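Here is input.cif, consisting of mmCIF, C-alpha atoms and all ligand atoms:
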```
data_data
loop_
_atom_site.label_atom_id
_atom_site.label_comp_id
_atom_site.auth_asym_id
_atom_site.auth_seq_id
_atom_site.Cartn_x
_atom_site.Cartn_y
_atom_site.Cartn_z
CA MET H 1 -145.25 -57.58 -156.34
CA PRO H 2 -143.23 -54.46 -157.39
CA ILE H 3 -145.36 -51.44 -158.30
CA ASP H 4 -145.77 -50.98 -162.05
CA THR H 5 -144.10 -47.58 -162.57
CA SER H 6 -146.66 -46.62 -165.20
CA ALA H 7 -149.62 -47.35 -162.90
CA LYS H 8 -152.06 -44.54 -162.08
CA ILE H 9 -151.55 -43.76 -158.39
CA PHE H 10 -153.72 -41.35 -156.41
CA VAL H 11 -151.85 -39.94 -153.40
CA ALA H 12 -154.54 -38.23 -151.31
CA GLY H 13 -153.03 -35.44 -149.19
CA HIS H 14 -149.91 -35.06 -151.35
CA ARG H 15 -148.90 -31.69 -149.86
CA GLY H 16 -148.90 -32.94 -146.27
CA LEU H 17 -146.04 -34.44 -144.24
CA VAL H 18 -146.79 -38.05 -145.24
CA GLY H 19 -148.28 -37.51 -148.70
CA SER H 20 -145.34 -35.39 -149.87
CA ALA H 21 -142.84 -38.01 -148.65
CA VAL H 22 -144.79 -40.74 -150.48
CA VAL H 23 -144.72 -38.65 -153.67
CA ARG H 24 -140.92 -38.16 -153.33
CA LYS H 25 -140.50 -41.92 -152.87
CA LEU H 26 -142.73 -42.76 -155.86
CA HIS H 27 -140.79 -40.29 -158.03
CA GLN H 28 -137.52 -41.93 -156.89
CA LEU H 29 -138.93 -45.28 -157.98
CA GLY H 30 -139.73 -43.85 -161.41
CA CYS H 31 -143.52 -43.64 -161.04
CA THR H 32 -144.71 -40.93 -163.40
CA ASN H 33 -148.46 -41.35 -163.49
CA LEU H 34 -149.39 -39.79 -160.15
CA ILE H 35 -152.80 -38.19 -159.66
CA LEU H 36 -152.61 -35.32 -157.19
CA ARG H 37 -155.34 -32.94 -156.01
CA THR H 38 -155.06 -30.21 -153.42
CA HIS H 39 -157.76 -29.71 -150.83
CA SER H 40 -159.19 -26.79 -152.86
CA ASP H 41 -159.12 -28.83 -156.10
CA LEU H 42 -161.02 -31.71 -154.48
CA ASP H 43 -162.60 -31.57 -151.03
CA LEU H 44 -162.49 -35.20 -149.91
CA THR H 45 -165.32 -34.62 -147.43
CA ASN H 46 -167.62 -34.05 -150.44
CA GLN H 47 -168.98 -37.47 -151.37
CA SER H 48 -170.26 -36.68 -154.87
CA ALA H 49 -167.11 -34.74 -155.81
CA VAL H 50 -164.97 -37.70 -154.68
CA ASP H 51 -167.08 -40.19 -156.58
CA ASN H 52 -167.00 -38.08 -159.77
CA PHE H 53 -163.23 -37.78 -159.44
CA PHE H 54 -162.80 -41.57 -159.16
CA ALA H 55 -165.18 -42.15 -162.07
CA ALA H 56 -163.17 -39.77 -164.26
CA GLU H 57 -159.62 -40.71 -163.20
CA LYS H 58 -159.93 -44.45 -162.42
CA PRO H 59 -156.74 -44.75 -160.35
CA GLN H 60 -155.19 -48.21 -159.94
CA TYR H 61 -153.60 -47.55 -156.53
CA VAL H 62 -154.74 -45.23 -153.75
CA ILE H 63 -152.61 -44.07 -150.82
CA LEU H 64 -154.89 -42.34 -148.33
CA ALA H 65 -152.70 -39.75 -146.56
CA ALA H 66 -155.33 -37.00 -146.40
CA ALA H 67 -156.78 -36.42 -142.97
CA LYS H 68 -157.48 -33.86 -140.28
CA VAL H 69 -154.24 -34.16 -138.27
CA GLY H 70 -152.80 -32.39 -135.23
CA GLY H 71 -151.03 -32.73 -131.92
CA ILE H 72 -152.40 -33.22 -128.44
CA HIS H 73 -153.81 -29.68 -128.10
CA ALA H 74 -155.60 -29.71 -131.49
CA ASN H 75 -157.06 -33.16 -130.86
CA ASN H 76 -158.28 -32.11 -127.42
CA THR H 77 -159.74 -28.78 -128.60
CA TYR H 78 -161.50 -29.75 -131.85
CA PRO H 79 -162.97 -33.24 -131.15
CA ALA H 80 -165.94 -32.70 -133.51
CA ASP H 81 -163.66 -31.78 -136.43
CA PHE H 82 -161.33 -34.71 -135.78
CA ILE H 83 -164.05 -37.35 -135.72
CA THR H 84 -166.28 -35.91 -138.47
CA ILE H 85 -163.74 -34.85 -141.09
CA ASN H 86 -161.74 -38.05 -140.76
CA LEU H 87 -164.82 -40.28 -140.96
CA GLN H 88 -165.99 -38.37 -144.04
CA ILE H 89 -162.66 -38.37 -145.92
CA GLN H 90 -161.86 -42.03 -145.31
CA THR H 91 -165.40 -43.27 -145.97
CA ASN H 92 -165.65 -41.35 -149.26
CA VAL H 93 -162.23 -42.48 -150.48
CA ILE H 94 -162.56 -46.14 -149.43
CA VAL H 95 -166.08 -46.55 -150.86
CA SER H 96 -165.26 -44.79 -154.16
CA SER H 97 -162.03 -46.79 -154.47
CA PHE H 98 -164.03 -49.99 -154.21
CA ASN H 99 -166.83 -48.80 -156.50
CA HIS H 100 -164.39 -47.70 -159.20
CA LYS H 101 -162.30 -50.89 -159.07
CA VAL H 102 -159.08 -49.61 -157.54
CA GLN H 103 -156.56 -52.47 -157.53
CA LYS H 104 -155.17 -51.71 -154.06
CA LEU H 105 -155.69 -49.09 -151.35
CA LEU H 106 -153.50 -48.27 -148.37
CA PHE H 107 -155.16 -46.49 -145.43
CA LEU H 108 -153.05 -44.62 -142.88
CA GLY H 109 -154.08 -44.72 -139.24
CA SER H 110 -152.03 -43.84 -136.18
CA SER H 111 -150.61 -45.37 -132.98
CA CYS H 112 -153.32 -43.51 -131.01
CA ILE H 113 -155.80 -46.26 -132.01
CA TYR H 114 -154.44 -48.38 -129.14
CA PRO H 115 -155.63 -48.33 -125.53
CA LYS H 116 -154.07 -45.71 -123.23
CA PHE H 117 -152.53 -48.45 -121.09
CA ALA H 118 -151.72 -50.99 -123.80
CA PRO H 119 -148.96 -53.58 -123.23
CA GLN H 120 -145.58 -52.22 -124.42
CA PRO H 121 -144.34 -52.59 -127.08
CA ILE H 122 -147.89 -52.50 -128.50
CA PRO H 123 -148.80 -55.45 -130.73
CA GLU H 124 -151.41 -55.11 -133.47
CA ASN H 125 -153.81 -57.34 -131.50
CA ALA H 126 -154.02 -54.81 -128.64
CA LEU H 127 -156.63 -52.95 -130.74
CA LEU H 128 -160.00 -52.57 -128.96
CA THR H 129 -158.88 -54.34 -125.78
CA ALA H 130 -159.27 -51.38 -123.34
CA PRO H 131 -160.24 -47.67 -123.18
CA LEU H 132 -158.49 -45.06 -125.35
CA GLU H 133 -156.45 -41.99 -124.32
CA PRO H 134 -159.11 -39.27 -123.78
CA THR H 135 -157.15 -36.43 -125.48
CA ASN H 136 -157.36 -38.19 -128.84
CA GLU H 137 -160.22 -40.66 -128.63
CA TRP H 138 -162.30 -38.86 -131.31
CA TYR H 139 -159.53 -39.10 -133.87
CA ALA H 140 -158.73 -42.64 -132.74
CA ILE H 141 -162.36 -43.77 -133.16
CA ALA H 142 -162.33 -42.43 -136.75
CA LYS H 143 -159.05 -44.23 -137.47
CA ILE H 144 -160.35 -47.48 -135.96
CA ALA H 145 -163.43 -47.15 -138.21
CA GLY H 146 -161.06 -46.77 -141.19
CA ILE H 147 -159.25 -50.01 -140.32
CA LYS H 148 -162.58 -51.78 -139.89
CA MET H 149 -163.89 -50.46 -143.23
CA CYS H 150 -160.81 -51.81 -145.01
CA GLN H 151 -161.36 -55.16 -143.29
CA ALA H 152 -165.09 -55.21 -144.08
CA TYR H 153 -164.55 -54.51 -147.79
CA ARG H 154 -161.85 -57.21 -147.92
CA LEU H 155 -164.13 -59.74 -146.18
CA GLN H 156 -167.31 -59.01 -148.11
CA HIS H 157 -165.91 -58.01 -151.51
CA ASN H 158 -162.32 -59.26 -151.57
CA PHE H 159 -161.20 -55.64 -152.01
CA ASP H 160 -157.42 -55.32 -151.51
CA ALA H 161 -157.42 -52.61 -148.83
CA ILE H 162 -154.63 -52.60 -146.25
CA SER H 163 -153.94 -50.37 -143.24
CA ALA H 164 -150.64 -49.06 -141.86
CA MET H 165 -150.39 -47.62 -138.31
CA PRO H 166 -147.43 -45.26 -138.04
CA THR H 167 -145.97 -44.03 -134.78
CA ASN H 168 -145.31 -40.26 -134.24
CA LEU H 169 -143.80 -38.86 -137.47
CA TYR H 170 -141.70 -35.81 -138.35
CA GLY H 171 -139.67 -34.40 -141.24
CA THR H 172 -139.93 -32.31 -144.42
CA ASN H 173 -143.27 -30.47 -144.83
CA ASP H 174 -144.26 -30.97 -141.21
CA ASN H 175 -146.79 -28.61 -139.60
CA PHE H 176 -144.92 -26.07 -137.41
CA HIS H 177 -148.01 -24.35 -135.96
CA PRO H 178 -147.19 -23.16 -132.39
CA GLU H 179 -150.23 -24.77 -130.74
CA ASN H 180 -151.81 -27.25 -133.17
CA SER H 181 -148.72 -29.17 -134.32
CA HIS H 182 -147.04 -32.23 -132.82
CA VAL H 183 -144.31 -31.95 -130.21
CA LEU H 184 -141.23 -32.27 -132.41
CA PRO H 185 -142.00 -29.52 -134.96
CA ALA H 186 -143.46 -27.33 -132.17
CA LEU H 187 -140.25 -27.53 -130.15
CA LEU H 188 -138.02 -27.08 -133.18
CA ARG H 189 -139.77 -23.82 -133.99
CA ARG H 190 -139.96 -22.63 -130.35
CA PHE H 191 -136.25 -23.25 -129.69
CA HIS H 192 -135.31 -21.64 -133.01
CA GLU H 193 -137.39 -18.52 -132.29
CA ALA H 194 -135.96 -18.33 -128.74
CA LYS H 195 -132.43 -18.57 -130.16
CA ILE H 196 -132.84 -15.82 -132.74
CA ASN H 197 -134.66 -13.57 -130.24
CA ASN H 198 -132.01 -14.15 -127.55
CA LEU H 199 -134.56 -15.48 -125.03
CA ASP H 200 -133.22 -17.29 -121.95
CA LYS H 201 -136.22 -19.63 -121.39
CA VAL H 202 -138.45 -21.92 -123.44
CA VAL H 203 -141.72 -23.41 -122.18
CA VAL H 204 -142.31 -27.11 -122.89
CA TRP H 205 -145.70 -28.71 -122.23
CA GLY H 206 -146.48 -31.34 -119.60
CA THR H 207 -144.09 -33.03 -117.21
CA GLY H 208 -141.52 -34.31 -119.72
CA SER H 209 -142.01 -37.89 -118.52
CA PRO H 210 -144.19 -39.35 -121.35
CA LEU H 211 -142.37 -41.68 -123.71
CA ARG H 212 -142.78 -41.36 -127.47
CA GLU H 213 -141.39 -43.20 -130.48
CA PHE H 214 -140.45 -41.04 -133.50
CA LEU H 215 -140.05 -42.13 -137.10
CA HIS H 216 -138.73 -39.95 -139.94
CA VAL H 217 -141.37 -39.54 -142.63
CA ASP H 218 -138.98 -40.73 -145.38
CA ASP H 219 -138.72 -44.06 -143.52
CA LEU H 220 -142.54 -44.14 -143.30
CA ALA H 221 -142.86 -43.49 -147.05
CA ASP H 222 -140.45 -46.35 -147.70
CA ALA H 223 -142.59 -48.61 -145.46
CA VAL H 224 -145.79 -47.54 -147.24
CA ILE H 225 -144.42 -48.63 -150.63
CA PHE H 226 -142.97 -51.79 -149.07
CA LEU H 227 -146.42 -52.70 -147.71
CA LEU H 228 -148.15 -51.92 -151.00
CA GLU H 229 -145.73 -54.26 -152.72
CA ASN H 230 -145.48 -57.01 -150.09
CA TYR H 231 -148.58 -57.12 -147.88
CA SER H 232 -152.14 -58.04 -148.63
CA ASP H 233 -154.05 -59.13 -145.54
CA LEU H 234 -156.79 -58.27 -143.06
CA GLU H 235 -154.82 -57.03 -140.08
CA HIS H 236 -153.33 -53.52 -139.91
CA VAL H 237 -149.51 -53.26 -139.64
CA ASN H 238 -147.56 -51.15 -137.13
CA VAL H 239 -144.81 -48.91 -138.53
CA GLY H 240 -142.26 -47.55 -136.07
CA SER H 241 -138.60 -46.98 -135.34
CA GLY H 242 -138.53 -49.32 -132.32
CA LYS H 243 -136.81 -46.61 -130.25
CA GLU H 244 -138.44 -44.39 -127.65
CA VAL H 245 -137.37 -41.25 -125.77
CA THR H 246 -138.95 -39.24 -122.98
CA ILE H 247 -140.30 -35.82 -123.98
CA LYS H 248 -137.56 -34.37 -121.75
CA GLU H 249 -134.88 -36.25 -123.72
CA LEU H 250 -136.48 -35.11 -126.98
CA ALA H 251 -136.55 -31.48 -125.78
CA GLU H 252 -132.84 -31.66 -124.81
CA LEU H 253 -131.98 -33.12 -128.22
CA VAL H 254 -133.96 -30.47 -130.14
CA LYS H 255 -132.34 -27.77 -127.98
CA GLU H 256 -128.88 -29.12 -128.86
CA VAL H 257 -129.60 -29.47 -132.61
CA VAL H 258 -131.04 -25.94 -132.80
CA GLY H 259 -128.25 -24.51 -130.63
CA PHE H 260 -130.45 -22.83 -128.01
CA LYS H 261 -128.45 -22.13 -124.81
CA GLY H 262 -131.20 -21.20 -122.33
CA GLU H 263 -133.36 -23.04 -119.82
CA LEU H 264 -136.41 -25.33 -120.20
CA ILE H 265 -139.54 -24.51 -118.17
CA TRP H 266 -142.12 -27.33 -117.83
CA ASP H 267 -145.78 -26.25 -118.00
CA SER H 268 -147.55 -29.02 -116.10
CA THR H 269 -150.96 -27.42 -116.70
CA LYS H 270 -150.71 -28.87 -120.24
CA PRO H 271 -151.73 -32.52 -120.77
CA ASP H 272 -149.12 -35.29 -121.00
CA GLY H 273 -151.42 -37.56 -122.99
CA THR H 274 -150.73 -41.24 -123.10
CA PRO H 275 -147.76 -42.19 -120.85
CA ARG H 276 -146.08 -44.48 -123.35
CA LYS H 277 -146.76 -45.79 -126.88
CA LEU H 278 -143.98 -47.87 -128.34
CA MET H 279 -145.09 -49.93 -131.32
CA ASP H 280 -144.33 -53.63 -131.57
CA THR H 281 -143.01 -53.69 -135.15
CA SER H 282 -142.07 -57.36 -135.26
CA LYS H 283 -144.73 -58.05 -137.90
CA LEU H 284 -143.27 -55.49 -140.35
CA VAL H 285 -139.67 -56.43 -139.50
CA GLY H 286 -140.64 -60.07 -140.09
CA LEU H 287 -141.86 -59.12 -143.57
CA GLY H 288 -138.38 -57.69 -144.26
CA TRP H 289 -138.61 -53.92 -143.62
CA THR H 290 -136.44 -51.88 -141.21
CA PRO H 291 -136.09 -48.09 -140.66
CA LYS H 292 -132.84 -46.33 -141.60
CA ILE H 293 -132.90 -42.77 -140.23
CA SER H 294 -131.83 -42.11 -136.61
CA LEU H 295 -133.69 -39.48 -134.57
CA ARG H 296 -130.60 -37.24 -134.37
CA ASP H 297 -129.92 -37.40 -138.14
CA GLY H 298 -133.60 -36.88 -138.91
CA LEU H 299 -133.76 -33.87 -136.59
CA VAL H 300 -130.67 -32.27 -138.12
CA ASP H 301 -132.19 -32.78 -141.56
CA THR H 302 -135.59 -31.39 -140.50
CA TYR H 303 -134.02 -28.30 -138.88
CA LYS H 304 -132.07 -27.67 -142.08
CA TRP H 305 -135.33 -27.88 -144.06
CA TYR H 306 -137.09 -25.60 -141.55
CA LEU H 307 -134.33 -22.98 -141.88
CA GLU H 308 -134.50 -23.09 -145.67
CA ASN H 309 -138.29 -22.77 -145.70
CA TYR H 310 -139.26 -20.74 -142.62
CA GLY H 311 -135.95 -19.50 -141.20
CA LYS H 312 -136.20 -15.98 -142.61
CA GLN H 313 -139.75 -15.26 -141.40
N1 LIG S 1 -148.00 -36.57 -138.43
C1 LIG S 1 -147.91 -37.64 -137.65
O1 LIG S 1 -147.16 -37.64 -136.65
C2 LIG S 1 -148.72 -38.86 -137.95
C3 LIG S 1 -149.58 -38.95 -139.04
N2 LIG S 1 -150.28 -40.11 -139.26
C4 LIG S 1 -151.25 -40.24 -140.36
O2 LIG S 1 -150.70 -39.93 -141.61
C5 LIG S 1 -151.69 -39.31 -142.44
C6 LIG S 1 -151.15 -38.00 -142.97
O3 LIG S 1 -150.79 -37.16 -141.90
P1 LIG S 1 -149.87 -35.88 -142.10
O4 LIG S 1 -149.19 -35.97 -143.40
O5 LIG S 1 -149.10 -35.72 -140.84
O6 LIG S 1 -150.95 -34.73 -142.14
P2 LIG S 1 -150.83 -33.27 -142.80
O7 LIG S 1 -151.73 -32.39 -142.00
O8 LIG S 1 -149.41 -32.87 -142.96
O9 LIG S 1 -151.44 -33.47 -144.27
C7 LIG S 1 -152.79 -33.79 -144.43
C8 LIG S 1 -153.16 -33.64 -145.88
O10 LIG S 1 -154.55 -33.92 -145.99
C9 LIG S 1 -155.13 -32.98 -146.86
N3 LIG S 1 -156.53 -32.77 -146.50
C10 LIG S 1 -157.05 -32.52 -145.28
N4 LIG S 1 -158.38 -32.38 -145.35
C11 LIG S 1 -158.71 -32.54 -146.66
C12 LIG S 1 -159.93 -32.50 -147.38
N5 LIG S 1 -161.11 -32.27 -146.76
N6 LIG S 1 -159.89 -32.70 -148.71
C13 LIG S 1 -158.73 -32.90 -149.35
N7 LIG S 1 -157.54 -32.98 -148.72
C14 LIG S 1 -157.54 -32.78 -147.39
C15 LIG S 1 -154.33 -31.70 -146.71
O11 LIG S 1 -154.45 -31.00 -147.93
P3 LIG S 1 -154.06 -29.45 -148.12
O12 LIG S 1 -152.60 -29.36 -147.81
O13 LIG S 1 -154.33 -29.18 -149.55
O14 LIG S 1 -154.92 -28.71 -147.14
C16 LIG S 1 -152.93 -32.26 -146.46
O15 LIG S 1 -152.26 -32.41 -147.69
C17 LIG S 1 -152.94 -39.15 -141.58
O16 LIG S 1 -153.83 -40.16 -141.86
C18 LIG S 1 -152.41 -39.28 -140.18
O17 LIG S 1 -153.36 -39.85 -139.36
C19 LIG S 1 -150.13 -41.19 -138.44
C20 LIG S 1 -149.30 -41.16 -137.37
C21 LIG S 1 -148.53 -39.99 -137.03
C1 LIG S 2 -149.29 -38.74 -133.55
C2 LIG S 2 -150.21 -38.54 -132.37
O1 LIG S 2 -150.19 -37.19 -131.93
C3 LIG S 2 -151.02 -36.87 -130.81
O2 LIG S 2 -150.58 -37.51 -129.65
P1 LIG S 2 -149.26 -37.24 -128.87
O3 LIG S 2 -148.30 -38.34 -129.12
O4 LIG S 2 -149.58 -37.00 -127.45
O5 LIG S 2 -148.71 -35.97 -129.63
P2 LIG S 2 -147.96 -34.60 -129.40
O6 LIG S 2 -146.83 -34.65 -130.34
O7 LIG S 2 -148.89 -33.48 -129.55
O8 LIG S 2 -147.44 -34.59 -127.88
C4 LIG S 2 -146.51 -35.51 -127.38
C5 LIG S 2 -146.08 -35.13 -125.99
O9 LIG S 2 -145.27 -33.96 -126.08
C6 LIG S 2 -145.68 -33.00 -125.10
N1 LIG S 2 -145.32 -31.65 -125.55
C7 LIG S 2 -144.39 -30.85 -124.97
N2 LIG S 2 -144.34 -29.66 -125.57
C8 LIG S 2 -145.23 -29.73 -126.61
C9 LIG S 2 -145.61 -28.78 -127.61
O10 LIG S 2 -145.12 -27.66 -127.66
N3 LIG S 2 -146.53 -29.20 -128.52
C10 LIG S 2 -147.08 -30.46 -128.49
N4 LIG S 2 -147.98 -30.81 -129.45
N5 LIG S 2 -146.76 -31.36 -127.52
C11 LIG S 2 -145.84 -30.99 -126.60
C12 LIG S 2 -147.17 -33.25 -124.97
O11 LIG S 2 -147.68 -32.70 -123.78
C13 LIG S 2 -147.22 -34.78 -125.02
O12 LIG S 2 -146.90 -35.30 -123.76
C14 LIG S 2 -152.41 -37.41 -130.87
O13 LIG S 2 -153.28 -36.40 -130.45
C15 LIG S 2 -152.73 -38.20 -132.05
O14 LIG S 2 -153.22 -37.32 -133.01
C16 LIG S 2 -151.62 -38.97 -132.66
O15 LIG S 2 -151.84 -39.92 -133.34
#
```
Will you turn the file into structure tokens for me?
Amino acid sequence: MPIDTSAKIFVAGHRGLVGSAVVRKLHQLGCTNLILRTHSDLDLTNQSAVDNFFAAEKPQYVILAAAKVGGIHANNTYPADFITINLQIQTNVIVSSFNHKVQKLLFLGSSCIYPKFAPQPIPENALLTAPLEPTNEWYAIAKIAGIKMCQAYRLQHNFDAISAMPTNLYGTNDNFHPENSHVLPALLRRFHEAKINNLDKVVVWGTGSPLREFLHVDDLADAVIFLLENYSDLEHVNVGSGKEVTIKELAELVKEVVGFKGELIWDSTKPDGTPRKLMDTSKLVGLGWTPKISLRDGLVDTYKWYLENYGKQ
């Protein structure tokens, strides 16, 4: 059912990569009644503050894009933060959404919920079939709990909570932190800084052999709205581009887009993480959704945004 453009929609995490793309998409669709709170306005780890907020605002839809998020180094270094903050945020938001009669909630997980050596492409039913990738198991356990909470509230209370599992994302408003970000924004920044400082070498982590699937966040936002409008069931849904590249291929592509002319040095003391995680997106494709933005086009667009927003620093 198409979203009622006058509906009250709470986008949790609206300044982040995903939340900001969802807000852009909702604005494009003509939705005007968005409820947005920054982290300092409303700390979603604070149960009573979250419940008071829901009691006062009574949103009809909730898109849960607030989370403690980071790349392989951040996940590996701050396991307590990743498990605790994510369990707190998602538990508070899901429970208050149910208690205050939200019509529909969409929870965002991640492809790291699947076993390290899952069959490729990874179908939704690979969940909980084998051990996780150790660098991100704390975050993955929180995300799996989020999926299970949505399922439990649907089963026991008929609450319309659905879960989307995106692959690795990138785009406008990404986190470009040198150590804590994901690979694509990290490399974009590192190559850019090497170019403007006339360096002849750039260090890239790991061996370059892991395979990753990248999806532009505007495609993800489109899929989020598509699922809100067209999906209402127990099982989570994978969201991906269906195309994978090695980290070496990604690094070469970022180097070309940025225009860095020097050499790549591989730091094999850094972890590779999971060797491969290509999503099986046949469920979402079967529902009628496909991505539109190629990796090259998305990278060119993201570099342009980076230059406009951080290029002069
Ligand atoms: N980035 C990726 O590659 C992927 C992301 N995802 C999922 O998408 C979702 C969004 O990720 P992404 O947009 O990348 O993350 P970001 O880090 O870009 O944004 C996270 C948002 O959450 C908010 N937030 C964090 N902690 C709190 C808190 N305690 N109270 C209130 N708000 C808080 C932040 O608010 P503020 O800005 O005000 O601090 C920020 O707006 C997550 O669930 C993530 O798991 C899934 C797969 C891949
Ligand atoms: C979305 C997903 O994100 C995380 O998993 P990940 O896919 O391993 O994410 P990543 O982007 O950090 O790394 C991808 C690959 O790239 C290599 N790599 C090279 N050079 C840099 C670099 O400079 N930075 C980073 N971060 N990685 C680098 C890196 O060694 C690895 O082989 C999860 O923790 C989990 O949170 C999750 O769900």
Surrounding residues of range 8-13 of chain H excluding itself and chain neighbours under 2 positions, 8 Å, all atoms listed in the file, as number ranges by chain: H: 6, 15-16, 18-20, 22-23, 33-39, 58-67
If I take atom C19 of ligand LIG 1 (chain S) and CA of Arg212 in chain H, how far is one from the other in Å, to one decimal? 13.2 Å
In terms of the shortest atom-to-atom distance over only C-alpha atoms, which of H:Lys243, H:His177, H:Lys255, H:Arg189 is closest to Leu307 in chain H? H:Arg189
Given 9 Å and only C-alpha atoms and all ligand atoms, residues near ligand LIG 1 (chain S) as a PyMOL selection string: chain H and resi 12-21+37-46+64-71+85-86+88-90+107-112+139-140+143+164-170+173-175+181-182+214-215+217
Nearby polymer residues, ligand LIG 2 (chain S), at most 8 Å, all atoms listed in the file, as a PyMOL selection string: chain H and resi 69-76+109-113+135-136+139-140+167-169+178-187+190+203-212+247+251+270-275+277
Of the listed residues H:His236, H:Phe54, H:Phe176, H:Ile225, that which approaches Ile144 in chain H most closely, counting all atoms listed in the file: H:His236
Counting only C-alpha atoms, the option among H:Cys150, H:Ile265, H:Ala223, H:Leu295 closest to Leu250 in chain H: H:Leu295
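Atom to atom, CA of Ala80 in chain H and CA of Leu188 in chain H stand 28.5 Å apart.
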Correct to one decimal, the distance CA of Leu87 in chain H-CA of Gln120 in chain H is 28.0 Å
Name the closest residue to Met149 in chain H among the candidates H:Val202, H:Leu132, H:Val93, H:Val102; distances are taken between atoms, counting all atoms listed in the file. H:Val93
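Proximity to Tyr153 in chain H was assessed for H:Lys261, H:His27, H:Lys104, H:Lys304 counting only C-alpha atoms; the smallest distance is recorded for H:Lys104.
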Closest of H:Ala161, H:Ala130, H:Leu29, H:Val285 to Ile147 in chain H, counting all atoms listed in the file, is H:Ala161
What's around Met1 in chain H at 12 Å? Count only C-alpha atoms, leave out sequence neighbours fewer than 5 positions away in its own chain, and write the answer as number ranges by chain. H: 104, 225-232
Counting all atoms listed in the file, find residues at most 8 Å from (-164.0, -52.5, -152.2) (file frame) and give them as an MDAnalysis selection string. chainID H and resid 94:95 97:99 101:102 150 153:154 157:161
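For Pro123 in chain H, the non-local neighbours within 7 Å, defined as residues at least 3 positions apart in the same chain or in other chains and counting all atoms listed in the file, are Ala126, Met279 and Asp280 of chain H.
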Please tell me which residues are no farther than 6 Å from (-133.3, -31.4, -133.3) in the file, counting all atoms listed in the file, and write them as number ranges by chain. H: 253-254, 257-258, 299-300
Take range 69-73 of chain H, bring it up to all heavy atoms, and give me the output as an mmCIF file, in the coordinates of the input.
```
data_model
loop_
_atom_site.group_PDB
_atom_site.id
_atom_site.type_symbol
_atom_site.label_atom_id
_atom_site.label_comp_id
_atom_site.auth_asym_id
_atom_site.auth_seq_id
_atom_site.Cartn_x
_atom_site.Cartn_y
_atom_site.Cartn_z
ATOM 1 N N VAL H 69 -155.339 -33.663 -139.119
ATOM 2 C CA VAL H 69 -154.240 -34.160 -138.270
ATOM 3 C C VAL H 69 -153.784 -33.044 -137.342
ATOM 4 O O VAL H 69 -153.791 -31.873 -137.732
ATOM 5 C CB VAL H 69 -153.055 -34.611 -139.168
ATOM 6 C CG1 VAL H 69 -151.873 -35.091 -138.331
ATOM 7 C CG2 VAL H 69 -153.501 -35.722 -140.120
ATOM 8 N N GLY H 70 -153.353 -33.397 -136.142
ATOM 9 C CA GLY H 70 -152.800 -32.390 -135.230
ATOM 10 C C GLY H 70 -152.249 -33.034 -133.990
ATOM 11 O O GLY H 70 -152.405 -34.245 -133.775
ATOM 12 N N GLY H 71 -151.616 -32.236 -133.166
ATOM 13 C CA GLY H 71 -151.030 -32.730 -131.920
ATOM 14 C C GLY H 71 -152.053 -32.810 -130.800
ATOM 15 O O GLY H 71 -153.264 -32.669 -131.035
ATOM 16 N N ILE H 72 -151.554 -32.953 -129.605
ATOM 17 C CA ILE H 72 -152.400 -33.220 -128.440
ATOM 18 C C ILE H 72 -153.385 -32.068 -128.192
ATOM 19 O O ILE H 72 -154.559 -32.304 -127.896
ATOM 20 C CB ILE H 72 -151.508 -33.509 -127.203
ATOM 21 C CG1 ILE H 72 -152.302 -34.076 -126.041
ATOM 22 C CG2 ILE H 72 -150.692 -32.290 -126.773
ATOM 23 C CD1 ILE H 72 -151.433 -34.699 -124.957
ATOM 24 N N HIS H 73 -152.937 -30.821 -128.359
ATOM 25 C CA HIS H 73 -153.810 -29.680 -128.100
ATOM 26 C C HIS H 73 -154.938 -29.610 -129.145
ATOM 27 O O HIS H 73 -156.104 -29.433 -128.798
ATOM 28 C CB HIS H 73 -152.994 -28.378 -128.116
ATOM 29 C CG HIS H 73 -153.845 -27.156 -128.073
ATOM 30 N ND1 HIS H 73 -154.418 -26.709 -126.905
ATOM 31 C CD2 HIS H 73 -154.256 -26.301 -129.056
ATOM 32 C CE1 HIS H 73 -155.137 -25.620 -127.170
ATOM 33 N NE2 HIS H 73 -155.055 -25.358 -128.469
#
```
